[in-house]
There are 2 protein chains.
Amino acid sequence: MVVDGIADETGDIVDRLFHALADGTRRDILRRCVRGELSVSRLAAAYPMSFAAVHKHVAVLERAGLVTKERRGREQLVRTDPDAVGRARRALDELESAWRARVDRMSGLLAEDDDGGGGPRAPDLRENTTKGPDG
Amino acid sequence: MVVDGIADETGDIVDRLFHALADGTRRDILRRCVRGELSVSRLAAAYPMSFAAVHKHVAVLERAGLVTKERRGREQLVRTDPDAVGRARRALDELESAWRARVDRMSGLLAEDDDGGGGPRAPDLRENTTKGPDG
DNA sequence: CTAACGTACAACCAAATGGTTGTAGATGGG
DNA sequence: CCCATCTACAACCATTTGGTTGTACGTTAG
């Protein structure tokens with residue numbers, strides 16, 4: 001039971017998502033590429049770093065599913081995926097709901113006033129099955 | 001007055017926030033520490049890595065403002081900050097609203113069919129003033 | 001065809017990450 | 001007091017990251 005397709009090997013995807021967001025230049029690229037009219041070269045011109053560096057940033061965003069590229073002639077137009085933020089938000093929601101569930105369970109235990117060993121003891125809750133902490 | 005605490009040197013903070021979230025072990029720690037009853041040692045016992053490694057993960061979470069530590073005797077209890085997810089969500093909101101504003105502005109331009117220099121022309125939109133791309 | 005432009009990728013480098021072990025201070029229990 | 005436990009931190013190591021330069025390739029313009 002993988003909740004929603006989120007929990008199997010999703011750790012990788014969530015890792016990439018948050019990692020991609022954890023850089024100011026990349027967040028800035030995201031903001032600039034909503035209209036999808038910017039080529040990688042044009043983007044690169046906006047930053048005090050080489051074309052290759054910006055190209056790598058775009059690649060990171062692409063692997064995280066935050067942008068897509070569309071070729072127009074010899075240019076490659078970068079566009080921010082409209083659903084991208086939604087996906088990030090869902091990752092946060094999952095995190096939040098997981099611990100909201102914990103709080104709820106705790107409330108339940110307090111009501112029952114017994115926890116000796118019978119209660120539903122928070123089974124696993126982890127997401128990482130492949131590269132996770134219990135690898 | 002830095003808007004809301006978000007926009008001055010916040011790039012750093014947002015960096016730390018997303019970076020902290022970009023690791024499965026750390027997200028797992030967050031889930032486990034909602035009730036705040038777990039000491040670092042007890043946490044460490046849950047992962048196939050050394051105490052020192054888990055200690056570092058907790059430090060990363062702490063620097064990102066995602067957990068707090070409270071000393072109880074010789075133990076240090078880790079607790080997930082309830083507002084933490086809210087902060088992450090706000091960072092996403094900011095990202096989203098930034099580009100929603102862009103889209104709105106674009107729509108506005110299409111309607112007005114003129115932009116000579118009168119309208120509120122997307123002042124800056126960037127967050128990084130210190131270490132940002134335009135450093 | 002040739003030149004210019006835009007992209008892609010490889011090789012290289014410094015710094016940060018994520019892990020290890022070892023050691024040193026606090027704190028609480030017998 | 002002495003010992004076990006928990007925490008904290010330093011030193012070290014391998015890998016990744018974020019940047020560089022250089023080069024090769026495809027496409028468009030002249």
# chains A, B, ... in the order shown; residues from 1 in each chain; ligands from 1
>>> residues_around(residues="stretch 58-67 of chain B", least_positions_apart="2", cutoff="8 Å", atoms="only C-alpha atoms (C1' of nucleotides)", output="list in words")
Ile13, Arg16, Leu17, Ala20, Arg26, Ile29, Leu30, Val40, Val54, His55, Lys56, Lys69, Val78, Arg79, Thr80, Asp81, Ala84 and Val85 of chain B
>>> write_last_selection(atoms="C-alpha atoms", output="PDB file, in the first residue's frame")
ATOM      1  CA  ILE B  13      17.129  30.516   5.055  1.00  0.00           C
ATOM      2  CA  ARG B  16      18.733  25.725   4.349  1.00  0.00           C
ATOM      3  CA  LEU B  17      15.066  24.845   4.573  1.00  0.00           C
ATOM      4  CA  ALA B  20      17.274  20.057   4.978  1.00  0.00           C
ATOM      5  CA  ARG B  26      16.069  13.934   7.694  1.00  0.00           C
ATOM      6  CA  ILE B  29      13.510  12.265  11.583  1.00  0.00           C
ATOM      7  CA  LEU B  30      10.979  15.043  11.165  1.00  0.00           C
ATOM      8  CA  VAL B  40      19.245  11.973  19.765  1.00  0.00           C
ATOM      9  CA  VAL B  54      22.361  11.313  13.075  1.00  0.00           C
ATOM     10  CA  HIS B  55      23.597  14.080  15.330  1.00  0.00           C
ATOM     11  CA  LYS B  56      24.706  15.967  12.214  1.00  0.00           C
ATOM     12  CA  LYS B  69      16.010  20.625  21.080  1.00  0.00           C
ATOM     13  CA  VAL B  78      14.256  16.598  19.540  1.00  0.00           C
ATOM     14  CA  ARG B  79      10.919  18.049  18.554  1.00  0.00           C
ATOM     15  CA  THR B  80       9.642  18.970  15.129  1.00  0.00           C
ATOM     16  CA  ASP B  81       8.568  22.588  14.975  1.00  0.00           C
ATOM     17  CA  ALA B  84       8.029  24.306  10.133  1.00  0.00           C
ATOM     18  CA  VAL B  85       5.941  22.936   7.312  1.00  0.00           C
TER      19      VAL B  85
END
>>> closest_atom_pairs(of="chain B", to="chain A", cutoff="6 Å", atoms="only C-alpha atoms", output="JSON lines")
{"residue": "B:Asp15", "atom": "CA", "partner": "A:Ala22", "partner_atom": "CA", "distance": 4.5}
{"residue": "B:Phe18", "atom": "CA", "partner": "A:Ala22", "partner_atom": "CA", "distance": 4.7}
{"residue": "B:His19", "atom": "CA", "partner": "A:Ala22", "partner_atom": "CA", "distance": 5.1}
{"residue": "B:Ala22", "atom": "CA", "partner": "A:Asp15", "partner_atom": "CA", "distance": 4.5}
{"residue": "B:Asp23", "atom": "CA", "partner": "A:Asp15", "partner_atom": "CA", "distance": 5.7}
{"residue": "B:Thr25", "atom": "CA", "partner": "A:Pro133", "partner_atom": "CA", "distance": 5.6}
{"residue": "B:Arg31", "atom": "CA", "partner": "A:Trp99", "partner_atom": "CA", "distance": 5.5}
{"residue": "B:Tyr47", "atom": "CA", "partner": "A:Pro133", "partner_atom": "CA", "distance": 5.4}
{"residue": "B:Pro48", "atom": "CA", "partner": "A:Asp134", "partner_atom": "CA", "distance": 5.9}
{"residue": "B:Trp99", "atom": "CA", "partner": "A:Arg31", "partner_atom": "CA", "distance": 5.5}
{"residue": "B:Pro133", "atom": "CA", "partner": "A:Tyr47", "partner_atom": "CA", "distance": 5.3}
>>> write_last_selection(atoms="N, CA and C atoms", output="CSV table (one decimal), in the first residue's frame")
chain,number,residue,atom,x,y,z
B,15,ASP,N,17.3,28.4,1.4
B,15,ASP,CA,18.3,27.3,1.0
B,15,ASP,C,18.4,26.3,2.0
B,18,PHE,N,15.0,24.0,2.3
B,18,PHE,CA,14.9,23.0,1.3
B,18,PHE,C,16.0,22.0,1.3
B,19,HIS,N,17.2,22.5,1.6
B,19,HIS,CA,18.3,21.5,1.6
B,19,HIS,C,18.0,20.5,2.7
B,22,ALA,N,15.7,17.9,1.7
B,22,ALA,CA,16.1,17.1,0.5
B,22,ALA,C,16.9,15.8,0.9
B,23,ASP,N,16.5,15.3,2.0
B,23,ASP,CA,17.2,14.0,2.4
B,23,ASP,C,16.2,13.2,3.2
B,25,THR,N,16.5,10.6,5.2
B,25,THR,CA,16.7,10.4,6.6
B,25,THR,C,16.2,11.6,7.4
B,31,ARG,N,9.4,13.2,10.8
B,31,ARG,CA,8.2,12.5,11.1
B,31,ARG,C,8.2,11.9,12.5
B,47,TYR,N,18.4,4.2,12.9
B,47,TYR,CA,19.0,4.3,11.6
B,47,TYR,C,20.3,3.5,11.6
B,48,PRO,N,20.6,3.0,10.4
B,48,PRO,CA,21.8,2.2,10.2
B,48,PRO,C,23.1,3.0,10.0
B,99,TRP,N,5.4,33.8,-9.8
B,99,TRP,CA,5.1,33.6,-11.2
B,99,TRP,C,3.7,33.7,-11.6
B,133,PRO,N,22.4,35.3,-7.7
B,133,PRO,CA,23.0,35.3,-9.1
B,133,PRO,C,23.6,36.6,-9.5
>>> closest_atom_pairs(of="chain B", to="chain D", cutoff="10 Å", atoms="only C-alpha atoms (C1' of nucleotides)", output="tab-separated table")
residue	atom	partner	partner_atom	distance
B:Ser39	CA	D:DC6	C1'	8.8
B:Val40	CA	D:DC6	C1'	8.3
B:Ser41	CA	D:DC6	C1'	6.9
B:Arg42	CA	D:DC6	C1'	9.9
B:Phe51	CA	D:DT7	C1'	9.8
B:Ala52	CA	D:DA8	C1'	9.0
B:His55	CA	D:DA8	C1'	8.9
B:Gly73	CA	D:DC6	C1'	9.5
B:Arg74	CA	D:DC6	C1'	5.9
B:Glu75	CA	D:DC6	C1'	5.9
B:Gln76	CA	D:DT7	C1'	7.8
>>> write_last_selection(atoms="N, CA, C and O atoms", output="CSV table (one decimal), in the first residue's frame")
chain,number,residue,atom,x,y,z
B,39,SER,N,15.2,11.3,22.2
B,39,SER,CA,16.5,11.8,22.3
B,39,SER,C,17.3,11.5,21.1
B,39,SER,O,16.9,10.7,20.3
B,40,VAL,N,18.4,12.2,20.9
B,40,VAL,CA,19.2,12.0,19.8
B,40,VAL,C,19.7,10.5,19.7
B,40,VAL,O,19.7,9.9,18.7
B,41,SER,N,20.1,10.0,20.9
B,41,SER,CA,20.5,8.6,21.0
B,41,SER,C,19.5,7.7,20.5
B,41,SER,O,19.7,6.8,19.7
B,42,ARG,N,18.3,7.9,21.0
B,42,ARG,CA,17.2,7.0,20.6
B,42,ARG,C,16.9,7.1,19.1
B,42,ARG,O,16.7,6.1,18.5
B,51,PHE,N,25.9,7.4,15.6
B,51,PHE,CA,25.3,8.5,16.4
B,51,PHE,C,25.7,9.8,15.8
B,51,PHE,O,24.9,10.7,15.6
B,52,ALA,N,27.0,9.9,15.5
B,52,ALA,CA,27.5,11.2,15.0
B,52,ALA,C,26.8,11.6,13.8
B,52,ALA,O,26.5,12.8,13.6
B,55,HIS,N,23.4,12.8,14.7
B,55,HIS,CA,23.6,14.1,15.3
B,55,HIS,C,23.8,15.2,14.3
B,55,HIS,O,23.2,16.3,14.5
B,73,GLY,N,17.5,16.3,31.6
B,73,GLY,CA,18.6,15.6,32.2
B,73,GLY,C,19.8,15.5,31.3
B,73,GLY,O,20.2,16.6,30.7
B,74,ARG,N,20.3,14.4,31.0
B,74,ARG,CA,21.5,14.3,30.1
B,74,ARG,C,21.0,14.0,28.7
B,74,ARG,O,21.9,14.0,27.8
B,75,GLU,N,19.7,13.9,28.5
B,75,GLU,CA,19.3,13.7,27.1
B,75,GLU,C,18.9,15.0,26.5
B,75,GLU,O,18.7,16.0,27.2
B,76,GLN,N,18.8,15.0,25.2
B,76,GLN,CA,18.4,16.2,24.4
B,76,GLN,C,17.2,15.7,23.6
B,76,GLN,O,17.4,15.0,22.6
>>> interface_residues(of="chain C", to="chain B", cutoff="9 Å", atoms="only C-alpha atoms (C1' of nucleotides)", output="mmCIF file with C-alpha atoms (C1' of nucleotides), in the first residue's frame")
data_model
loop_
_atom_site.group_PDB
_atom_site.id
_atom_site.type_symbol
_atom_site.label_atom_id
_atom_site.label_comp_id
_atom_site.auth_asym_id
_atom_site.auth_seq_id
_atom_site.Cartn_x
_atom_site.Cartn_y
_atom_site.Cartn_z
ATOM 1 C "C1'" DG C 18 27.460 12.620 4.391
ATOM 2 C "C1'" DG C 19 29.566 9.322 6.474
ATOM 3 C "C1'" DT C 20 33.268 7.273 9.698
ATOM 4 C "C1'" DA C 26 28.095 16.643 31.370
ATOM 5 C "C1'" DT C 27 24.803 14.130 33.782
ATOM 6 C "C1'" DG C 28 22.506 10.493 36.477
#
>>> atom_distance(atom1="atom CA of B:Glu70", atom2="atom CA of B:Gly36")
8.6 Å
>>> atom_distance(atom1="atom CA of B:Leu38", atom2="atom C1' of C:DT17")
25.0 Å
>>> select_by_dssp(residues="stretch 11-73 of chain A", states="strand (DSSP E or B)", output="PyMOL selection string")
chain A and resi 38-39+67-72
